[in-house]
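Peer 1: Here it is, the structure, as structure tokens.
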Amino acid sequence: MYASAQASAATTTRRRIGKVAVLGAGVMGSQIALHFAGVGYPVLLLDMAPQELTPEEKAKGLSLSSPEVRNRIVRSLFERALKLSPSPVYESGVVQRIQLGNFTDDLPKIAEVDWIIEVVVEDLAIKRRLYEEVEKYRRPGTLITSNTSGIPIRFLAEGRSEDFRRHFAGTHFFNPPRYLPLLEIIPGPDTAPEVIQFLMDFGQMHLGKQTVLCKDTPAFIANRVGVYALMHLLHAMPRYGLSVEEVDKLTGPAIGHPKSATFRTADVVGLDTLAKVAKGLYENCPHDEARETFKLPDYLEKMLDRGLLGEKAGKGFYQKIRANGGSEIYSLDLTTLEYRPQKKVRSPLLERLKMEDDLKARLRLIAQSDEPYAKLLQENMAALFAYVSHRIPEIADEVYPIDEAVKAGFGWQLGPFEKWDAIGFEAGLAAVEKYGFSVPPWVKRMQEKGFSRFYEVRNGRRFVYSPREEAYIEVPGQDRFILLDTLRSEKVIWQNSGASLFHIGDGVLCLEFHTKMNTIGGEVLDAINRALDIAEKSYEGLILGNQGEHFSAGANLAMIFMMAVEQEWDELDFAVRAFQRTVMRLRHSAVPVVVAPHGLTLGGGCEMALHADGVQAAAETYMGLVEVGVGLIPAGAGTKEMAARIAERYVDGDVELNFFRDVLTLIATAKVATSAFEAVQMGLLRPHHTRISINRQKQLRDAKAYVLLLAEQGYVPPQPRTQIRVLGRTALGGVEASLYQMWQAGYITEYDRHVTRKLAYVLAGGDLTGVQHVSESYLLDLERETFLSLCGERKTLERIQHTLQTGKPLRN
């Protein structure tokens, strides 16, 4: 069993969830069921029973009463969800927690559950008919919620019993539920306050969600704001003469938005879905000052008429064109509605943005630029600032729920008011006026009273301007999390160019990397050693963790390439030794060290996790030893550690050769775990040393508790291992035969075979005549020597150079 960070989380009521029922197995219903199952809850997933037989069922002589026919619809929908990419499951065993059924035969089983979530088609009459049936079997006190995104909550439970209405609310998950953390909680007119508080707490602590309390207004918060921002871009871009690909280049990571940016996002969502939401907002928001923005542009209406609906139709703003044995992504010319090859998008502004790591600084560059590309972004920001300020108090009484909802629902790194703070309050007001928008009276009063920011940090606490109080108030819920940004001005006790060391309370230190992609070079290694010096002298323990997008993309590959090309072998040998010594020092430190991986945790980042006393992993951790992809082997003690883990499989006088092959395949194929749960299954994380935080925001607090637990238990550092059993030629003979067969079949190149052979050599402890016992020091030397030899090979340098230039591996 995994030690779960959520297991001891308390909620504000005594309500417990033992089992969940999800009614409706479409794309959202199946994924919501899988998310609940993924965090450990058994789920009953129901959908309609078939009304007629398929030709295949008739041919088999089946009837509508046949068991395999009864659940055909729910089974088909569920299996389709399992094939979605990215995967909706943390690991394959999740599906065992889900029981499939149909409304006709299995609805009485909802009497056994503690929470019923309705996720059927967005039709008020259909939902009400289902609720009427639900009330026949639902136990009093059972939660009943709807995942509706557009129907007012106040209409849904009309005519139901008092108990039903008191326990009814909206719980709006965002698609895909595993990856987008937003869960909007919308009370109905009769919902009991304790039910809302429970849903807010449970969603945050057990489902890993950013729960946001919403008013029962059209599209709630995130879609109201996010769809407005997108629709404004769709209307504005033709005036600036920009292409689809130019807008996507501007509105993705450059401004802190996902890579799918604007038009790729629209294609994924579906243009018919976007149009439905926009039309719904136009119809249901008659007093919205920006209502006309929700009208569809002419080119979008024409696209819908032609069936250009996005990915589901194979073409939308983009289309994959197959020709000459390959494929190319074409973009749509919005004037002619014809597809054409994409233009190369270049500009001095984009080059400057690429050089600036700090998002707030990038937004200031955009706000101050006179370039044509910047004008569209300036207008869109001005429109957004005006729009969200007018939505208070309509959709939220305070600023922070709007920022939290949009960030969690749309994957923005900064919310609208946080963006406004980034470019400056006065600069934002000037942009609003320049582009012909306006702000409501509360913003003008804020300016008159001399306030110049929406957010500020005092004594490690985050405050936000309250339009109601006309003063700063504390952002609620901070005690549940550790936010490094709020501690930066007062709790940093040491730093260099690559990392900052925080004291996060109770004698626990946290070392945050802040290089590009948190890559590990000399400055980060120096910081780790300095952090250990300080921790061992005066503190309880150390966390390696950060709150950036990724834990670490691994060692500084550009530095390795430069030294190898210039044949600075002594310097490269010194650098690899320094990396190995630092990782081994983490392992044998006098104080407990917990690594808190999340996002990309590759190469050297993975190796640090392999050697920690404990790992507090975010559920969304993508971990792997990927060095073979660039023609190298793990050399930050990673290959040594996996060799030692093979030795641990020694049983009754024999060694698990199968496990040797599994480890070799894992590293040789550069396999990356798609979740922390899968990393445990793959053997990268140890079950009894790993805790998993479903809520990423809670990860550092969980890691701190883990450090203190290890310290309180009387931490004793592990001693260096001197008797590691290795296989030598016992393993190598079988490896050579397997590699030859794979090469002959065309699965691997000759150079893949060469690198894998060298990897196997280290894992086996070298060319030993048979099973022997060796020390960690011996394996570290072997690992380093093999790494250095590969750095001297032309094909490895070609692979490294290609990856640095393109971000993709080369098979040479």
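Lettering and numbering for the structure tokens are positional, with chains as A, B, ... in the shown order, residues counted from 1 in each chain, and ligands counted from 1 in the shown order.
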I'd like the contact shell of region 340-347 of chain A - 8 Å cut-off, only C-alpha atoms, skipping same-chain residues fewer than 5 positions apart - returned as an mmCIF file with N, CA and C atoms, in the first residue's frame.

Peer 2:
```
data_model
loop_
_atom_site.group_PDB
_atom_site.id
_atom_site.type_symbol
_atom_site.label_atom_id
_atom_site.label_comp_id
_atom_site.auth_asym_id
_atom_site.auth_seq_id
_atom_site.Cartn_x
_atom_site.Cartn_y
_atom_site.Cartn_z
ATOM 1 N N GLU A 245 -1.720 30.551 -36.709
ATOM 2 C CA GLU A 245 -0.499 30.095 -36.052
ATOM 3 C C GLU A 245 0.229 31.230 -35.343
ATOM 4 N N GLU A 246 0.111 32.441 -35.854
ATOM 5 C CA GLU A 246 0.724 33.580 -35.164
ATOM 6 C C GLU A 246 0.050 33.821 -33.817
ATOM 7 N N LYS A 249 1.119 31.178 -31.365
ATOM 8 C CA LYS A 249 2.488 31.389 -30.894
ATOM 9 C C LYS A 249 2.521 32.460 -29.799
ATOM 10 N N GLU A 328 1.746 16.593 -42.228
ATOM 11 C CA GLU A 328 2.071 17.971 -41.880
ATOM 12 C C GLU A 328 0.797 18.640 -41.391
ATOM 13 N N ILE A 329 0.933 19.511 -40.400
ATOM 14 C CA ILE A 329 -0.220 20.228 -39.871
ATOM 15 C C ILE A 329 -0.385 21.537 -40.637
ATOM 16 N N TYR A 330 -1.516 21.674 -41.334
ATOM 17 C CA TYR A 330 -1.836 22.916 -42.033
ATOM 18 C C TYR A 330 -2.741 23.762 -41.136
ATOM 19 N N SER A 331 -2.727 25.066 -41.376
ATOM 20 C CA SER A 331 -3.615 25.967 -40.638
ATOM 21 C C SER A 331 -4.648 26.564 -41.588
ATOM 22 N N LEU A 332 -5.742 27.028 -41.013
ATOM 23 C CA LEU A 332 -6.847 27.569 -41.806
ATOM 24 C C LEU A 332 -6.633 29.058 -42.049
ATOM 25 N N ASP A 333 -6.737 29.467 -43.300
ATOM 26 C CA ASP A 333 -6.747 30.892 -43.639
ATOM 27 C C ASP A 333 -8.168 31.390 -43.380
#
```

Peer 1: Env of region 274-281 of chain A: 8 Å cut, atoms = only C-alpha atoms, seq-sep filter 6 positions within chain, self excluded. Answer as a PyMOL selection string.

Peer 2: chain A and resi 150+218-219+224+227+231+266+291+294-296

Peer 1: Could you please determine the separation between CA of Ser327 (chain A) and CA of Tyr373 (chain A) in Å, to one decimal place?

Peer 2: 29.0 Å

Peer 1: Apply DSSP to the structure's backbone, then extract all residues of region 284-398 of chain A labelled alpha helix (DSSP H) and return them as JSON, numbers by chain.

Peer 2: {"A": [284, 298, 299, 300, 301, 302, 303, 304, 305, 348, 349, 350, 351, 352, 353, 354, 355, 359, 360, 361, 362, 363, 364, 365, 366, 367, 368, 372, 373, 374, 375, 376, 377, 378, 379, 380, 381, 382, 383, 384, 385, 386, 387, 388, 389, 390]}

Peer 1: Which of region 131-357 of chain A counts as strand (DSSP E) under DSSP, as a ChimeraX atom specification please?

Peer 2: /A:143-146,168-173,182-187,210-213,318-323,326-333,338-341

Peer 1: Between CA of Arg97 (chain A) and CA of Pro181 (chain A), what is the distance, to one decimal in Å?

Peer 2: 21.8 Å

Peer 1: Looking at A:Ile221, A:Leu414, A:Ala643, A:Val134, which one is nearest to Leu779 (chain A), with distances taken over only C-alpha atoms?

Peer 2: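 Of all the options, A:Ala643 lies closest to Leu779 (chain A).
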
Peer 1: Using only C-alpha atoms for the distances, tell me which of A:Ala673, A:Ile196, A:Ile117, A:Leu234 is nearest to Ala33 (chain A).

Peer 2: A:Ile117

Peer 1: Using only C-alpha atoms, find the one residue out of A:Val594, A:Ser146, A:Thr262, A:Ile694 that sits nearest to Gly40 (chain A).

Peer 2: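 With only C-alpha atoms as the atom set, the closest residue is A:Ile694.
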